file input13.cif (mmCIF, C-alpha atoms)
data_upload
loop_
_atom_site.label_atom_id
_atom_site.label_comp_id
_atom_site.auth_asym_id
_atom_site.auth_seq_id
_atom_site.Cartn_x
_atom_site.Cartn_y
_atom_site.Cartn_z
CA MET A 117 0.00 0.00 0.00
CA SER A 118 1.42 3.37 -1.01
CA ARG A 119 2.03 5.98 1.64
CA VAL A 120 -0.37 8.93 1.77
CA ASP A 121 1.34 12.29 1.37
CA TRP A 122 -0.64 14.29 3.93
CA LYS A 123 1.19 17.53 3.16
CA VAL A 124 0.09 17.37 -0.47
CA ARG A 125 -3.47 16.48 0.51
CA TYR A 126 -3.62 19.33 3.01
CA TYR A 127 -2.26 21.79 0.45
CA HIS A 128 -4.85 20.62 -2.08
CA PHE A 129 -7.63 20.96 0.51
CA LYS A 130 -6.50 24.43 1.60
CA TYR A 131 -6.29 25.60 -2.02
CA SER A 132 -9.59 24.07 -3.17
CA VAL A 133 -11.91 25.06 -0.31
CA PRO A 134 -12.10 28.81 -1.12
CA THR A 135 -12.86 28.32 -4.84
CA PHE A 136 -15.90 28.15 -7.12
CA SER A 137 -17.26 25.05 -8.86
CA SER A 138 -17.50 24.64 -12.64
CA PRO A 139 -18.34 26.43 -14.90
CA PHE A 140 -16.50 28.97 -12.76
CA SER A 141 -13.07 28.32 -11.30
CA GLY A 142 -10.59 29.76 -8.85
CA ARG A 143 -11.45 32.31 -6.17
CA GLU A 144 -12.92 34.97 -8.46
CA VAL A 145 -15.91 35.45 -10.77
CA THR A 146 -15.21 38.00 -13.51
CA SER A 147 -17.95 37.31 -16.05
CA VAL A 148 -21.50 35.93 -15.96
CA ALA A 149 -22.86 34.62 -19.25
CA HIS A 150 -26.56 34.16 -18.46
CA PRO A 151 -29.26 35.80 -16.32
CA ASP A 152 -29.98 34.09 -12.99
CA GLU A 153 -26.59 32.37 -13.02
CA VAL A 154 -25.49 30.74 -9.75
CA ALA A 155 -21.85 30.28 -8.74
CA TYR A 156 -21.55 27.43 -6.22
CA LEU A 157 -18.58 27.20 -3.91
CA ARG A 158 -16.65 23.93 -3.79
CA CYS A 159 -16.82 23.78 0.00
CA ARG A 160 -19.75 22.37 1.97
CA LEU A 161 -21.11 23.43 5.35
CA CYS A 162 -21.45 20.24 7.40
CA THR A 163 -24.20 21.01 9.86
CA ASP A 164 -23.53 17.94 12.00
CA VAL A 165 -19.94 19.11 12.61
CA VAL A 166 -21.00 22.56 13.86
CA SER A 167 -24.09 21.29 15.66
CA GLU A 168 -25.19 22.26 19.15
CA GLY A 169 -22.33 22.04 21.61
CA CYS A 170 -19.63 23.04 19.13
CA SER A 171 -17.76 26.16 20.25
CA GLN A 172 -16.79 27.29 16.74
CA GLY A 173 -18.73 28.20 13.65
CA VAL A 174 -17.92 28.71 9.97
CA TYR A 175 -17.56 32.17 8.44
CA LEU A 176 -17.39 32.86 4.70
CA GLU A 177 -16.62 36.28 3.21
CA VAL A 178 -16.62 37.62 -0.35
CA GLU A 179 -15.59 40.96 -1.81
CA VAL A 180 -17.60 42.70 -4.53
CA VAL A 181 -15.27 45.00 -6.47
CA SER A 182 -17.32 45.29 -9.67
CA ASN A 183 -21.06 44.63 -9.93
CA SER A 184 -23.03 44.92 -13.16
CA ASP A 185 -26.49 44.51 -11.68
CA ASN A 186 -27.56 42.58 -8.58
CA LEU A 187 -26.11 39.66 -6.66
CA SER A 188 -27.00 37.79 -3.49
CA MET A 189 -25.35 35.33 -1.11
CA ALA A 190 -27.20 32.10 -0.38
CA VAL A 191 -26.94 28.65 1.14
CA VAL A 192 -28.87 25.73 -0.39
CA ASP A 193 -29.66 22.09 0.46
CA PHE A 194 -29.69 20.72 -3.10
CA GLU A 195 -26.95 18.12 -2.54
CA ALA A 196 -29.23 16.04 -0.30
CA GLY A 197 -32.11 16.28 -2.76
CA GLY A 198 -33.72 19.30 -1.13
CA CYS A 199 -35.20 22.30 -2.91
CA SER A 200 -34.78 25.06 -0.33
CA SER A 201 -32.51 28.02 0.22
CA VAL A 202 -31.83 31.00 2.47
CA THR A 203 -30.65 34.09 0.59
CA PHE A 204 -29.24 37.43 1.73
CA SER A 205 -29.57 40.51 -0.47
CA PRO A 206 -26.88 43.06 0.46
CA ASP A 207 -28.73 45.76 -1.51
CA THR A 208 -32.09 45.48 0.24
CA GLY A 209 -30.87 44.10 3.57
CA ALA A 210 -33.51 41.36 3.35
CA VAL A 211 -33.13 37.63 4.00
CA ILE A 212 -35.38 35.31 2.01
CA ARG A 213 -36.18 31.67 2.78
CA GLU A 214 -37.58 29.77 -0.23
CA ARG A 215 -38.78 26.28 -1.12
CA LYS A 216 -39.65 25.24 -4.66
CA VAL A 217 -42.97 23.40 -4.57
CA ARG A 218 -43.54 23.02 -8.32
CA GLU A 219 -41.20 22.97 -11.29
CA ALA A 220 -43.58 23.91 -14.13
CA PRO A 221 -45.05 26.39 -13.95
CA ARG A 222 -42.52 27.29 -11.31
CA LYS A 223 -44.01 28.00 -7.89
CA VAL A 224 -42.11 29.02 -4.77
CA GLU A 225 -43.22 29.28 -1.16
CA GLY A 226 -41.27 30.96 1.58
CA ALA A 227 -40.86 33.93 3.85
CA TYR A 228 -38.70 37.03 4.19
CA ILE A 229 -37.37 39.26 6.93
CA GLN A 230 -35.88 42.78 6.78
CA PRO A 231 -33.17 42.97 9.47
CA LEU A 232 -31.07 45.66 7.70
CA PRO A 233 -32.09 48.84 5.84
CA THR A 234 -31.89 49.16 2.07
CA VAL A 235 -28.60 50.56 0.77
CA ALA A 236 -29.24 54.00 -0.71
CA THR A 237 -26.09 54.58 -2.77
CA GLY A 238 -27.87 54.73 -6.12
CA ARG A 239 -25.83 51.88 -7.59
CA PRO A 240 -25.48 48.09 -7.17
CA PHE A 241 -23.81 46.84 -4.01
CA HIS A 242 -20.02 47.12 -3.72
CA GLY A 243 -18.08 46.06 -0.64
CA LEU A 244 -17.88 42.95 1.52
CA MET A 245 -20.53 40.45 2.55
CA GLY A 246 -20.38 37.35 4.69
CA LEU A 247 -22.26 34.31 5.95
CA TYR A 248 -21.84 32.79 9.42
CA LEU A 249 -23.09 29.36 10.51
CA TYR A 250 -22.93 28.81 14.25
CA GLN A 251 -24.44 25.62 15.66
CA ASP A 252 -27.89 25.60 14.00
CA ARG A 253 -28.19 29.33 13.26
CA LEU A 254 -27.38 31.55 10.29
CA ALA A 255 -26.31 35.19 10.24
CA PHE A 256 -25.25 37.46 7.37
CA PHE A 257 -22.96 40.49 7.20
CA ARG A 258 -22.27 43.40 4.89
CA ARG A 259 -19.80 46.26 4.72
CA CYS A 260 -20.77 48.77 2.06
CA GLU A 261 -18.37 50.78 -0.05
CA LEU A 262 -19.07 54.45 0.53
CA PRO A 263 -19.74 56.85 -2.36
CA GLY A 264 -16.91 59.33 -2.85
CA ALA A 265 -18.81 62.19 -1.27
CA GLU A 266 -19.36 60.21 1.94
CA ALA A 267 -15.88 58.75 2.25
CA SER A 268 -14.30 59.32 5.64
CA ALA A 269 -10.93 58.51 7.13
CA ASP A 270 -12.77 56.91 10.05
CA PHE A 271 -13.92 53.89 8.06
CA GLY A 272 -12.58 51.42 5.58
CA ARG A 273 -9.37 51.10 3.69
CA ARG A 274 -8.09 51.02 0.14
CA THR A 275 -6.36 48.21 -1.66
CA PRO A 276 -2.76 48.84 -2.75
CA HIS A 277 -4.01 49.48 -6.29
CA GLY A 278 -6.92 51.69 -5.27
CA GLU A 279 -9.45 49.18 -6.59
CA ARG A 280 -11.88 49.62 -3.72
CA GLY A 281 -13.23 52.76 -2.12
CA GLU A 282 -13.52 53.38 1.57
CA LEU A 283 -15.87 51.17 3.52
CA ALA A 284 -18.57 51.82 6.08
CA ALA A 285 -18.71 49.89 9.35
CA TRP A 286 -19.74 46.24 9.40
CA GLU A 287 -23.44 45.47 9.77
CA THR A 288 -25.07 42.15 10.60
CA THR A 289 -28.54 40.73 10.27
CA GLY A 290 -27.97 38.90 13.53
CA PHE A 291 -29.04 35.28 13.71
CA VAL A 292 -32.09 35.20 11.44
CA SER A 293 -32.70 31.52 10.72
CA ASP A 294 -32.26 28.04 12.10
CA LEU A 295 -31.72 24.99 9.86
CA ASN A 296 -35.16 23.40 10.09
CA TRP A 297 -35.74 24.26 6.42
CA ALA A 298 -32.79 22.18 5.19
CA GLU A 299 -32.65 18.57 3.98
CA GLY A 300 -29.54 16.60 4.86
CA ARG A 301 -26.37 17.65 6.65
CA ARG A 302 -24.38 19.25 3.83
CA LEU A 303 -25.28 22.77 2.72
CA THR A 304 -23.74 24.53 -0.27
CA PRO A 305 -22.93 28.25 -0.16
CA CYS A 306 -23.30 30.13 -3.43
CA LEU A 307 -23.65 33.52 -5.13
CA ALA A 308 -26.69 34.28 -7.29
CA PHE A 309 -26.38 36.82 -10.13
CA ARG A 310 -29.58 38.39 -11.47
CA ASP A 311 -28.18 39.48 -14.83
CA GLU A 312 -25.30 38.65 -17.14
CA GLY A 313 -22.32 40.95 -17.49
CA ALA A 314 -18.87 41.78 -16.18
CA TYR A 315 -18.34 41.30 -12.46
CA ARG A 316 -15.43 41.07 -10.10
CA VAL A 317 -16.36 39.06 -7.03
CA ARG A 318 -13.77 37.09 -5.08
CA ILE A 319 -13.72 34.82 -2.05
CA VAL A 320 -11.78 36.62 0.67
CA GLN A 321 -11.75 33.99 3.39
CA ILE A 322 -13.33 30.91 4.89
CA GLY A 323 -12.63 30.69 8.60
CA ALA A 324 -14.19 30.42 12.03
CA THR A 325 -14.61 34.01 13.24
CA PRO A 326 -16.94 36.71 11.86
CA PRO A 327 -15.79 40.36 11.74
CA ILE A 328 -18.07 41.43 14.60
CA ASP A 329 -19.68 39.52 17.46
CA VAL A 330 -23.23 38.62 16.41
CA GLN A 331 -24.76 38.39 19.88
CA ARG A 332 -23.21 41.67 21.00
CA ALA A 333 -24.42 43.44 17.86
CA MET A 334 -27.95 42.10 18.38
CA HIS A 335 -28.03 43.21 22.01
CA SER A 336 -26.76 46.70 21.15
CA ASP A 337 -29.41 47.22 18.45
CA SER A 338 -32.46 48.65 20.19
CA LYS A 339 -34.55 48.09 17.03
CA ALA A 340 -33.68 44.40 16.73
CA SER A 341 -36.66 42.05 16.96
CA ASP A 342 -36.99 38.33 17.58
CA TRP A 343 -36.36 36.69 14.20
CA ARG A 344 -38.60 33.76 15.14
CA THR A 345 -41.66 36.00 14.95
CA SER A 346 -40.54 38.57 12.35
CA TRP A 347 -40.82 36.57 9.13
CA SER A 348 -43.50 37.44 6.55
CA ASP A 349 -44.84 34.56 4.42
CA PHE A 350 -45.22 34.65 0.64
CA ASP A 351 -45.81 32.36 -2.32
CA TRP A 352 -45.42 33.25 -5.99
CA GLU A 353 -45.33 31.83 -9.49
CA VAL A 354 -43.09 32.82 -12.39
CA GLY A 355 -44.61 35.89 -14.01
CA SER A 356 -46.30 37.02 -10.82
CA SER A 357 -45.70 40.56 -9.54
CA ASP A 358 -45.71 39.36 -5.92
CA ALA A 359 -42.10 38.18 -5.79
CA PRO A 360 -40.21 38.85 -2.53
CA PRO A 361 -37.63 41.66 -2.29
CA ALA A 362 -34.31 40.79 -3.96
#

call {"tool": "encode", "arguments": {"input": "input13.cif", "output": "structure tokens"}}
result
Amino acid sequence: MSRVDWKVRYYHFKYSVPTFSSPFSGREVTSVAHPDEVAYLRCRLCTDVVSEGCSQGVYLEVEVVSNSDNLSMAVVDFEAGGCSSVTFSPDTGAVIRERKVREAPRKVEGAYIQPLPTVATGRPFHGLMGLYLYQDRLAFFRRCELPGAEASADFGRRTPHGERGELAAWETTGFVSDLNWAEGRRLTPCLAFRDEGAYRVRIVQIGATPPIDVQRAMHSDSKASDWRTSWSDFDWEVGSSDAPPA
């Protein structure tokens, strides 16, 4: 029996985890060919590993440098045969939970919650956004790039090449969902693009610690409400005008 080269396997694992699956590749998406394209990450969130009692979670962060239209961050349960997702829109600040109940004509049932205000920059979202899975709860994060007129030395930073403007402070939705909606124990994080075009979106990190403490942020927000009772239900079919905020 040949000896396993653990160093090579570890290097391959470390390199492959923060990358996108085919038809995309590497850590960065630069072009989207079709409307409603989805870029799935190669990593999986194993919910049994970070289940109740685990002291660490999983944090995933992406940077949006160039954005042609609208994109969202989501986690889906398709690998286990499910048809559900939880999606965060950094533009609207809304989180949407959906389940496909019929393929043709397409019908979706779900609910949405509005834990963060809509971004009022007058252009598609630019900045950083993240997803945090801790035990059986999900939270999302965003850090918006400030328009030039609002830029301040108090927030943000620039890349060495000046590719990104200054950034506002981190915001979080807080924990907004459990995992009762999901089938199986392996969830797939992904990015959903509403329209085709040129983009520049890259995976910054996959680690264990979010940029701000979720519980502390929730306690300090006097307007925060209990997510268990704050969801609004919806159902819609393709062509309907009653689609949830995106």

call {"tool": "atom_distance", "arguments": {"input": "input13.cif", "atom1": "atom CA of Leu244 of chain A", "atom2": "atom CA of Arg259 of chain A"}}
result
5.0 Å

call {"tool": "atom_distance", "arguments": {"input": "input13.cif", "atom1": "atom CA of Val133 of chain A", "atom2": "atom CA of Val180 of chain A"}}
result
19.0 Å

call {"tool": "closest_residue", "arguments": {"input": "input13.cif", "among": "A:Gln331, A:Ser188, A:Ser200, A:Thr135", "to": "Asn296 of chain A", "atoms": "all atoms listed in the file"}}
result
A:Ser200

call {"tool": "resolve_selection", "arguments": {"input": "input13.cif", "expression": "the PyMOL selection byres ((chain A and resi 247-253) around 9)", "output": "PyMOL selection string"}}
result
chain A and resi 161+163-177+189-191+204+245-246+254-257+291-296+305+324-326

call {"tool": "residues_around", "arguments": {"input": "input13.cif", "residues": "Arg316 of chain A", "least_positions_apart": "2", "cutoff": "10 Å", "atoms": "only C-alpha atoms", "output": "PyMOL selection string"}}
result
chain A and resi 144-148+179-184+242+314+318

call {"tool": "atom_distance", "arguments": {"input": "input13.cif", "atom1": "atom CA of Thr203 of chain A", "atom2": "atom CA of His128 of chain A"}}
result
29.2 Å

call {"tool": "resolve_selection", "arguments": {"input": "input13.cif", "expression": "the PyMOL selection byres ((chain A and resi 187) around 10)", "output": "mmCIF file with C-alpha atoms, keeping the file's coordinate frame"}}
result
data_model
loop_
_atom_site.group_PDB
_atom_site.id
_atom_site.type_symbol
_atom_site.label_atom_id
_atom_site.label_comp_id
_atom_site.auth_asym_id
_atom_site.auth_seq_id
_atom_site.Cartn_x
_atom_site.Cartn_y
_atom_site.Cartn_z
ATOM 1 C CA ASP A 152 -29.980 34.090 -12.990
ATOM 2 C CA GLU A 153 -26.590 32.370 -13.020
ATOM 3 C CA VAL A 154 -25.490 30.740 -9.750
ATOM 4 C CA VAL A 180 -17.600 42.700 -4.530
ATOM 5 C CA ASN A 183 -21.060 44.630 -9.930
ATOM 6 C CA SER A 184 -23.030 44.920 -13.160
ATOM 7 C CA ASP A 185 -26.490 44.510 -11.680
ATOM 8 C CA ASN A 186 -27.560 42.580 -8.580
ATOM 9 C CA SER A 188 -27.000 37.790 -3.490
ATOM 10 C CA MET A 189 -25.350 35.330 -1.110
ATOM 11 C CA ALA A 190 -27.200 32.100 -0.380
ATOM 12 C CA PHE A 204 -29.240 37.430 1.730
ATOM 13 C CA SER A 205 -29.570 40.510 -0.470
ATOM 14 C CA PRO A 206 -26.880 43.060 0.460
ATOM 15 C CA ASP A 207 -28.730 45.760 -1.510
ATOM 16 C CA PRO A 240 -25.480 48.090 -7.170
ATOM 17 C CA PHE A 241 -23.810 46.840 -4.010
ATOM 18 C CA LEU A 307 -23.650 33.520 -5.130
ATOM 19 C CA ALA A 308 -26.690 34.280 -7.290
ATOM 20 C CA PHE A 309 -26.380 36.820 -10.130
ATOM 21 C CA ARG A 310 -29.580 38.390 -11.470
ATOM 22 C CA ASP A 311 -28.180 39.480 -14.830
ATOM 23 C CA TYR A 315 -18.340 41.300 -12.460
ATOM 24 C CA VAL A 317 -16.360 39.060 -7.030
ATOM 25 C CA ALA A 362 -34.310 40.790 -3.960
#

call {"tool": "residues_around", "arguments": {"input": "input13.cif", "residues": "Val192 of chain A", "least_positions_apart": "5", "cutoff": "8 Å", "atoms": "only C-alpha atoms", "output": "JSON, numbers by chain"}}
result
{"A": [199, 200, 201, 202, 298, 303, 304, 305, 306]}

call {"tool": "residues_near_point", "arguments": {"input": "input13.cif", "point": "(-49.1, 30.2, -9.2)", "cutoff": "7 Å", "atoms": "all atoms listed in the file", "output": "tab-separated table (two decimals) with C-alpha atoms, keeping the file's coordinate frame"}}
result
chain	number	residue	atom	x	y	z
A	223	LYS	CA	-44.01	28.00	-7.89
A	352	TRP	CA	-45.42	33.25	-5.99
A	353	GLU	CA	-45.33	31.83	-9.49

call {"tool": "closest_residue", "arguments": {"input": "input13.cif", "among": "A:Pro151, A:Pro263, A:Tyr127, A:Arg258", "to": "Ala285 of chain A", "atoms": "only C-alpha atoms"}}
result
A:Arg258

call {"tool": "axis_aligned_box", "arguments": {"input": "input13.cif", "around": "segment 195-207 of chain A", "padding_each_side": "4 Å", "output": "AutoDock Vina command-line options"}}
result
--center_x -31.0 --center_y 30.9 --center_z -0.2 --size_x 16.3 --size_y 37.7 --size_z 13.4

call {"tool": "resolve_selection", "arguments": {"input": "input13.cif", "expression": "the PyMOL selection byres ((chain A and resi 319) around 6)", "output": "list in words"}}
result
Arg143, Val178, Arg318, Val320 and Gln321 of chain A

call {"tool": "closest_residue", "arguments": {"input": "input13.cif", "among": "A:Glu312, A:Glu299, A:Ser137, A:Ser348", "to": "Ala227 of chain A", "atoms": "only C-alpha atoms"}}
result
A:Ser348

call {"tool": "closest_residue", "arguments": {"input": "input13.cif", "among": "A:Gly281, A:Thr208, A:Trp297, A:Leu232", "to": "Asp337 of chain A", "atoms": "only C-alpha atoms"}}
result
A:Leu232
